[in-house]
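Novice: Dropping in protein_26.cif, which is mmCIF, C-alpha atoms and all ligand atoms:
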```cif
data_protein
loop_
_atom_site.label_atom_id
_atom_site.label_comp_id
_atom_site.auth_asym_id
_atom_site.auth_seq_id
_atom_site.Cartn_x
_atom_site.Cartn_y
_atom_site.Cartn_z
CA MET A 1 -0.19 23.00 -2.30
CA ASN A 2 0.70 19.33 -2.32
CA PRO A 3 3.43 18.44 0.15
CA TYR A 4 6.63 16.67 -0.87
CA THR A 5 5.47 13.08 -1.36
CA VAL A 6 7.34 9.84 -0.81
CA GLY A 7 5.69 6.68 -2.15
CA LEU A 8 6.43 3.74 0.17
CA THR A 9 5.93 0.34 -1.38
CA GLY A 10 7.11 -3.27 -1.25
CA GLY A 11 5.72 -6.73 -1.81
CA ILE A 12 3.30 -8.40 0.57
CA GLY A 13 4.97 -9.06 3.92
CA SER A 14 8.10 -7.10 3.00
CA GLY A 15 7.57 -4.76 5.96
CA LYS A 16 5.77 -1.68 4.59
CA SER A 17 3.70 -1.30 7.75
CA ALA A 18 6.78 -1.81 9.92
CA ALA A 19 8.75 0.82 7.97
CA GLY A 20 5.75 3.18 7.89
CA ALA A 21 5.57 2.97 11.69
CA GLU A 22 9.18 4.18 11.89
CA PHE A 23 8.35 7.24 9.76
CA GLU A 24 5.36 7.91 12.03
CA LYS A 25 7.61 7.81 15.09
CA LEU A 26 9.59 10.62 13.47
CA GLY A 27 6.41 12.71 13.16
CA VAL A 28 5.86 12.11 9.45
CA ALA A 29 2.28 11.82 8.19
CA VAL A 30 1.93 8.30 6.80
CA ILE A 31 -1.12 7.83 4.60
CA ASP A 32 -2.15 4.20 4.18
CA SER A 33 -4.01 3.53 0.92
CA ASP A 34 -5.22 0.14 2.17
CA ALA A 35 -6.73 1.74 5.26
CA ILE A 36 -8.47 4.31 3.05
CA ALA A 37 -9.86 1.59 0.77
CA HIS A 38 -11.05 -0.30 3.84
CA ALA A 39 -12.81 2.78 5.26
CA LEU A 40 -14.50 3.52 1.93
CA THR A 41 -16.00 0.03 1.87
CA ALA A 42 -16.89 -0.05 5.59
CA PRO A 43 -20.49 0.65 6.73
CA GLY A 44 -21.43 4.18 5.67
CA GLY A 45 -18.30 4.46 3.49
CA ALA A 46 -18.49 6.56 0.33
CA ALA A 47 -18.07 3.50 -1.92
CA ILE A 48 -21.04 1.55 -0.49
CA GLU A 49 -23.88 3.10 -2.52
CA PRO A 50 -21.93 3.17 -5.81
CA VAL A 51 -20.98 -0.50 -5.29
CA ARG A 52 -24.59 -1.41 -4.51
CA ALA A 53 -25.77 0.41 -7.64
CA ALA A 54 -23.13 -1.15 -9.89
CA PHE A 55 -22.94 -4.72 -8.54
CA GLY A 56 -26.19 -5.26 -6.64
CA ALA A 57 -27.23 -5.58 -3.02
CA ALA A 58 -25.70 -9.07 -2.82
CA PHE A 59 -22.29 -7.43 -2.49
CA ILE A 60 -23.30 -5.45 0.60
CA GLY A 61 -23.36 -7.47 3.82
CA ALA A 62 -25.98 -7.28 6.56
CA ASN A 63 -23.72 -4.93 8.54
CA GLY A 64 -23.66 -2.44 5.66
CA ALA A 65 -20.03 -3.07 4.65
CA MET A 66 -19.01 -4.32 1.24
CA ASP A 67 -18.76 -8.12 1.31
CA ARG A 68 -15.04 -8.12 0.54
CA GLY A 69 -14.68 -11.89 0.29
CA ARG A 70 -17.53 -12.12 -2.18
CA MET A 71 -16.18 -9.18 -4.17
CA ARG A 72 -12.68 -10.67 -4.22
CA GLU A 73 -14.08 -13.88 -5.70
CA HIS A 74 -16.24 -11.95 -8.14
CA VAL A 75 -13.34 -9.94 -9.62
CA PHE A 76 -10.77 -12.76 -9.44
CA ASN A 77 -9.81 -13.62 -13.03
CA ALA A 78 -12.51 -11.20 -14.28
CA PRO A 79 -10.62 -8.15 -15.56
CA ALA A 80 -13.71 -6.28 -16.75
CA GLU A 81 -15.41 -6.64 -13.38
CA ARG A 82 -12.22 -5.67 -11.58
CA ALA A 83 -11.99 -2.58 -13.79
CA ARG A 84 -15.59 -1.69 -12.91
CA LEU A 85 -14.81 -1.93 -9.20
CA GLU A 86 -11.58 0.06 -9.57
CA ALA A 87 -13.43 2.75 -11.53
CA ILE A 88 -15.51 3.29 -8.37
CA LEU A 89 -12.76 2.91 -5.76
CA HIS A 90 -9.73 4.57 -7.32
CA PRO A 91 -11.12 8.10 -7.73
CA LEU A 92 -12.47 7.95 -4.15
CA ILE A 93 -9.12 6.70 -2.82
CA ARG A 94 -7.32 9.41 -4.76
CA THR A 95 -9.58 12.17 -3.42
CA GLU A 96 -9.26 11.00 0.17
CA THR A 97 -5.48 10.56 -0.16
CA ALA A 98 -5.14 14.10 -1.50
CA ALA A 99 -7.30 15.46 1.34
CA GLN A 100 -5.16 13.70 3.96
CA ALA A 101 -1.95 14.90 2.27
CA ARG A 102 -3.17 18.52 2.24
CA ALA A 103 -4.18 18.26 5.89
CA ALA A 104 -0.75 16.93 6.91
CA THR A 105 1.47 19.27 8.89
CA SER A 106 4.75 17.35 8.52
CA ALA A 107 7.50 18.58 6.15
CA TYR A 108 6.68 15.74 3.76
CA VAL A 109 4.20 12.88 3.59
CA VAL A 110 4.62 9.16 3.04
CA LEU A 111 1.99 7.43 0.88
CA MET A 112 1.98 3.73 1.63
CA ILE A 113 0.80 1.95 -1.54
CA PRO A 114 1.26 -1.83 -1.83
CA LEU A 115 0.83 -2.02 -5.63
CA LEU A 116 2.58 1.23 -6.56
CA VAL A 117 5.01 -0.37 -9.02
CA GLU A 118 2.22 -2.39 -10.67
CA ALA A 119 0.08 0.75 -11.06
CA ALA A 120 2.98 2.80 -12.42
CA ARG A 121 3.65 0.16 -15.03
CA ARG A 122 0.05 0.30 -16.28
CA ASP A 123 -0.06 4.10 -16.20
CA PRO A 124 3.22 6.05 -16.39
CA ASP A 125 1.41 9.15 -15.08
CA TRP A 126 1.43 7.43 -11.72
CA ARG A 127 5.13 8.05 -11.26
CA THR A 128 4.60 11.80 -11.45
CA ARG A 129 2.52 11.73 -8.25
CA PHE A 130 5.62 10.96 -6.20
CA ASP A 131 8.72 13.00 -5.62
CA ARG A 132 10.49 9.89 -4.45
CA ILE A 133 9.84 6.16 -4.32
CA ALA A 134 11.12 4.09 -1.40
CA VAL A 135 10.94 0.30 -1.63
CA VAL A 136 10.99 -2.02 1.38
CA ASP A 137 12.97 -5.03 0.25
CA CYS A 138 13.53 -8.60 1.43
CA SER A 139 13.90 -11.99 -0.22
CA GLU A 140 10.83 -13.86 -1.44
CA ALA A 141 11.57 -16.66 1.01
CA THR A 142 11.36 -14.13 3.84
CA GLN A 143 8.10 -12.68 2.47
CA VAL A 144 6.60 -16.18 2.36
CA ARG A 145 7.70 -16.95 5.89
CA ARG A 146 6.32 -13.68 7.29
CA VAL A 147 2.96 -13.83 5.53
CA MET A 148 2.45 -17.48 6.52
CA ALA A 149 3.08 -16.46 10.13
CA ARG A 150 1.04 -13.23 9.99
CA ASN A 151 -2.00 -14.44 8.03
CA GLY A 152 -1.91 -18.19 8.62
CA TYR A 153 -1.84 -18.78 4.85
CA THR A 154 -0.30 -21.85 3.26
CA GLU A 155 2.97 -21.51 1.38
CA GLU A 156 1.06 -22.11 -1.88
CA ALA A 157 -1.39 -19.32 -1.11
CA VAL A 158 1.43 -16.85 -0.44
CA GLN A 159 3.23 -17.95 -3.63
CA ARG A 160 0.05 -17.28 -5.61
CA ILE A 161 -0.11 -13.74 -4.23
CA LEU A 162 3.59 -13.19 -4.95
CA SER A 163 3.24 -14.36 -8.52
CA ALA A 164 0.43 -11.83 -9.09
CA GLN A 165 2.65 -8.97 -7.84
CA ALA A 166 5.59 -7.24 -9.49
CA SER A 167 8.89 -9.08 -9.11
CA ARG A 168 11.49 -8.06 -6.56
CA ALA A 169 13.74 -6.94 -9.46
CA ASP A 170 10.99 -4.76 -10.97
CA ARG A 171 10.37 -3.05 -7.63
CA LEU A 172 14.07 -2.44 -7.07
CA ALA A 173 14.35 -1.00 -10.59
CA ALA A 174 11.61 1.53 -9.74
CA ALA A 175 13.15 2.50 -6.39
CA ASP A 176 14.90 5.78 -5.64
CA ASP A 177 15.63 4.46 -2.15
CA VAL A 178 15.71 0.92 -0.78
CA ILE A 179 14.96 -0.03 2.82
CA ASP A 180 16.51 -3.42 3.53
CA ASN A 181 14.22 -5.47 5.76
CA GLU A 182 15.82 -8.87 5.45
CA GLY A 183 17.28 -8.58 8.95
CA ALA A 184 15.86 -7.68 12.34
CA VAL A 185 13.04 -5.12 12.75
CA ALA A 186 15.51 -3.05 14.78
CA ALA A 187 17.53 -2.48 11.61
CA LEU A 188 14.67 -0.42 10.15
CA ALA A 189 14.93 2.58 12.48
CA PRO A 190 18.45 3.73 11.49
CA GLN A 191 17.67 3.30 7.79
CA VAL A 192 14.43 5.26 8.09
CA ALA A 193 16.19 7.95 10.14
CA ARG A 194 18.78 8.38 7.38
CA LEU A 195 16.09 8.63 4.69
CA HIS A 196 14.15 11.06 6.88
CA ARG A 197 17.11 13.45 6.99
CA SER A 198 17.47 13.20 3.24
CA TYR A 199 13.73 13.80 2.63
CA LEU A 200 13.75 16.83 4.93
CA HIS A 201 16.53 18.32 2.79
CA LEU A 202 14.80 17.44 -0.46
CA ALA A 203 11.44 18.75 0.73
CA ALA A 204 13.02 22.06 1.77
CA ALA A 205 14.90 22.50 -1.52
N1 LIG B 1 12.48 -7.39 10.07
C1 LIG B 1 11.50 -8.20 10.47
N2 LIG B 1 11.77 -9.32 11.17
C2 LIG B 1 10.78 -10.15 11.57
N3 LIG B 1 9.48 -9.94 11.34
C3 LIG B 1 9.14 -8.84 10.65
C4 LIG B 1 10.10 -7.92 10.18
N4 LIG B 1 9.47 -6.92 9.53
C5 LIG B 1 8.17 -7.21 9.59
N5 LIG B 1 7.95 -8.37 10.26
C6 LIG B 1 6.66 -9.04 10.49
O1 LIG B 1 6.31 -9.63 9.24
C7 LIG B 1 4.94 -9.40 8.94
C8 LIG B 1 4.87 -8.54 7.68
O2 LIG B 1 5.32 -7.22 7.97
P1 LIG B 1 4.40 -5.98 7.55
O3 LIG B 1 5.09 -4.74 8.00
O4 LIG B 1 3.00 -6.21 8.00
O5 LIG B 1 4.50 -6.13 5.94
P2 LIG B 1 3.62 -5.43 4.81
O6 LIG B 1 2.94 -4.22 5.42
O7 LIG B 1 4.62 -5.05 3.76
O8 LIG B 1 2.67 -6.47 4.30
C9 LIG B 1 4.34 -8.74 10.16
O9 LIG B 1 3.77 -9.75 10.95
C10 LIG B 1 5.53 -8.10 10.84
O10 LIG B 1 5.35 -8.01 12.23
MG MG B 2 1.01 -3.65 5.70
#
```
Would you mind writing the file's structure down as structure tokens?
Ligand SMILES: Nc1ncnc2c1ncn2[C@@H]1O[C@H](COP(=O)(O)OP(=O)(O)O)[C@@H](O)[C@H]1O
Ligand SMILES: [Mg+2]
Specialist:
Amino acid sequence: MNPYTVGLTGGIGSGKSAAGAEFEKLGVAVIDSDAIAHALTAPGGAAIEPVRAAFGAAFIGANGAMDRGRMREHVFNAPAERARLEAILHPLIRTETAAQARAATSAYVVLMIPLLVEAARRDPDWRTRFDRIAVVDCSEATQVRRVMARNGYTEEAVQRILSAQASRADRLAAADDVIDNEGAVAALAPQVARLHRSYLHLAAA
């Protein structure tokens, strides 16, 4: 049986990882879709041979991992190529996510998915995979500041990423629960603790 599932999302730099860490501290299984995608395209990952077959050996680096930079450039502004890559990755990510969710022993699981709202907009079936959607929220100015500091990107580079993502308003409209991360990191723990109590009740119902 699938456990009660909370989708945790938010724009780049909003604080998904920070909020996810608070759920983990409470003993909740947090499944990170980015980490799964990374493992699938690491040396020996399940996506390596399908990517080699579909795109050619040039997209596999000497270390046996997918050349992510090259692939990013290849699919940038190339929707058909992006779709080809996603047709390989998404079913594998979905299978691995489901396996980790089934293996979880916590009362509910948190699926951390950066582009959840974008995916749900393309395919309404997506929404049905979650019992609840929690959005980590902060202003765009704060996102820009945090990502510039974390990744060393220019303001323009962060703005480009933001403009390719759903808007803050669209994410908030999709949210059942909102985690405010405009303030200090310390403000996350009490909010996550309150949601945790609510999810335990909902999962038991
Ligand atoms: N409330 C906060 N105050 C200050 N810095 C924060 C806060 N929340 C997160 N950060 C920092 O901002 C960056 C982005 O947070 P992160 O959790 O990695 O976001 P996401 O996973 O959504 O991309 C990280 O470097 C993180 O340490
Ligand atoms: Mg993160």
Novice: For chain A versus ligand MG 2 (chain B), which residues have an atom no more than 9 Å away, and what is each residue's nearest atom pair and distance in Å rounded to one decimal, using all atoms listed in the file, chain-then-number order, as a tab-separated table?
Specialist:
```
residue	atom	partner	partner_atom	distance
A:Ile12	CA	B:MG2	MG	7.4
A:Gly13	CA	B:MG2	MG	6.9
A:Ser14	CA	B:MG2	MG	8.3
A:Gly15	CA	B:MG2	MG	6.7
A:Lys16	CA	B:MG2	MG	5.3
A:Ser17	CA	B:MG2	MG	4.1
A:Ala18	CA	B:MG2	MG	7.4
A:Gly20	CA	B:MG2	MG	8.6
A:Asp32	CA	B:MG2	MG	8.6
A:Asp34	CA	B:MG2	MG	8.1
A:Met112	CA	B:MG2	MG	8.5
A:Pro114	CA	B:MG2	MG	7.8
```
Novice: Take atom C10 of ligand LIG 1 (chain B) and atom CA of A:Gly7 and report the distance between them in Å, one decimal.
Specialist: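 Taking atom C10 of ligand LIG 1 (chain B) as the start and atom CA of A:Gly7 as the end point, the length is 19.7 Å.
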Novice: Please give me, as number ranges by chain, the residues lying within 10 Å of ligand LIG 1 (chain B) when counting only C-alpha atoms and all ligand atoms.
Specialist: A: 8-21, 32, 34, 112-114, 135-138, 142-151, 180-188
Novice: Smallest atom-to-atom distance to A:Arg94: which of A:Leu116, A:Ile36, A:Ile133, A:Ala47, using only C-alpha atoms?
Specialist: A:Ile36
Novice: Rounded to one decimal place, report the atom CA of A:Ala98-atom CA of A:Leu195 distance in Å.
Specialist: 22.8 Å
Novice: Name all residues at most 8 Å from A:Pro3 (count only C-alpha atoms; drop same-chain ones fewer than 6 positions away) and give them as a list in words.
Specialist: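 Result of the neighbour search: Ala101, Arg102, Ala107, Tyr108 and Val109 of chain A.
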Novice: Contacts of A:Trp126 at 12 Å or less, counting all atoms listed in the file, minus same-chain residues fewer than 2 places along, as a list in words?
Specialist: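 That gives Gly7, Arg94, Ile113, Leu115, Leu116, Val117, Glu118, Ala119, Ala120, Arg121, Arg122, Asp123, Pro124, Thr128, Arg129, Phe130, Asp131, Arg132, Ile133 and Ala174 of chain A.
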Novice: Let me make sure I understand: among A:Ala175, A:Ile60, A:Ala157, A:Ala87, which one has the smallest atom-to-atom distance to A:Arg127 if we use all atoms listed in the file?
Specialist: A:Ala175
Novice: Quick one: distance from atom CA of A:Glu24 to atom CA of A:Ser139 in Å, one decimal?
Specialist: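 Taking atom CA of A:Glu24 and atom CA of A:Ser139, their separation equals 24.9 Å.
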Novice: Determine the nearest neighbour of A:Asp177 from the options A:Val28, A:Ala193, A:Leu202, A:Ala134, counting only C-alpha atoms.
Specialist: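 Distance minimum relative to A:Asp177 lands on A:Ala134.
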Novice: Scan for residues within 10 Å of the point (-5.3, 5.1, 6.6) in the coordinates of the file, using only C-alpha atoms, and reply as number ranges by chain.
Specialist: A: 30-39, 96-97, 100, 111-112
Novice: What's around A:Pro50 at 10 Å? Count all atoms listed in the file, leave out sequence neighbours fewer than 5 positions away in its own chain, and write the answer as a PyMOL selection string.
Specialist: chain A and resi 55-56+85+88-89
Novice: Taking all atoms listed in the file into account, which of A:Arg68, A:His74, A:Arg84, A:His196 comes nearest A:Ala54?
Specialist: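 Residue with the minimum atom-to-atom distance to A:Ala54: A:Arg84.
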Novice: Between A:Met66, A:Leu200, A:Ala99, A:Ala104, which is the closest to A:Gly45 once you count all atoms listed in the file?
Specialist: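 Among the listed residues, A:Met66 lies closest to A:Gly45.
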Novice: Determine the nearest neighbour of A:Ser106 from the options A:Arg171, A:Lys25, A:Arg82, A:Arg70, counting only C-alpha atoms.
Specialist: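 Looking only at the distances to A:Ser106, the closest residue turns out to be A:Lys25.
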Novice: When you look at A:Ala65 with a cut-off of 6 Å (counting all atoms listed in the file), what residues show up, excluding the ones that are within fewer than 6 positions of it in the same chain? I need them as a list of chain:residue names.
Specialist: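 Near neighbours after the sequence-gap exclusion: A:Thr41, A:Ala42, A:Pro43.
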Novice: Write a file for stretch 43-71 of chain A, containing C-alpha atoms (output as an mmCIF file, in the first residue's frame).
Specialist:
```cif
data_model
loop_
_atom_site.group_PDB
_atom_site.id
_atom_site.type_symbol
_atom_site.label_atom_id
_atom_site.label_comp_id
_atom_site.auth_asym_id
_atom_site.auth_seq_id
_atom_site.Cartn_x
_atom_site.Cartn_y
_atom_site.Cartn_z
ATOM 1 C CA PRO A 43 28.022 5.967 -13.117
ATOM 2 C CA GLY A 44 26.188 2.634 -13.249
ATOM 3 C CA GLY A 45 22.804 4.366 -12.871
ATOM 4 C CA ALA A 46 19.787 2.807 -14.573
ATOM 5 C CA ALA A 47 19.436 5.734 -17.010
ATOM 6 C CA ILE A 48 22.995 5.517 -18.399
ATOM 7 C CA GLU A 49 22.507 2.797 -21.029
ATOM 8 C CA PRO A 50 19.125 4.124 -22.246
ATOM 9 C CA VAL A 51 20.642 7.624 -22.552
ATOM 10 C CA ARG A 52 23.649 6.248 -24.446
ATOM 11 C CA ALA A 53 21.342 4.346 -26.807
ATOM 12 C CA ALA A 54 19.036 7.315 -27.402
ATOM 13 C CA PHE A 55 21.501 10.226 -27.522
ATOM 14 C CA GLY A 56 24.886 8.662 -28.259
ATOM 15 C CA ALA A 57 28.095 8.030 -26.352
ATOM 16 C CA ALA A 58 28.984 11.740 -26.489
ATOM 17 C CA PHE A 59 26.513 12.314 -23.663
ATOM 18 C CA ILE A 60 28.264 9.865 -21.334
ATOM 19 C CA GLY A 61 31.430 11.219 -19.718
ATOM 20 C CA ALA A 62 34.697 9.338 -19.212
ATOM 21 C CA ASN A 63 33.674 8.544 -15.630
ATOM 22 C CA GLY A 64 30.522 6.782 -16.835
ATOM 23 C CA ALA A 65 28.070 9.445 -15.634
ATOM 24 C CA MET A 66 25.745 11.331 -17.935
ATOM 25 C CA ASP A 67 27.412 14.573 -19.024
ATOM 26 C CA ARG A 68 24.776 16.756 -17.371
ATOM 27 C CA GLY A 69 26.155 20.065 -18.629
ATOM 28 C CA ARG A 70 26.198 18.834 -22.203
ATOM 29 C CA MET A 71 22.709 17.360 -21.845
#
```
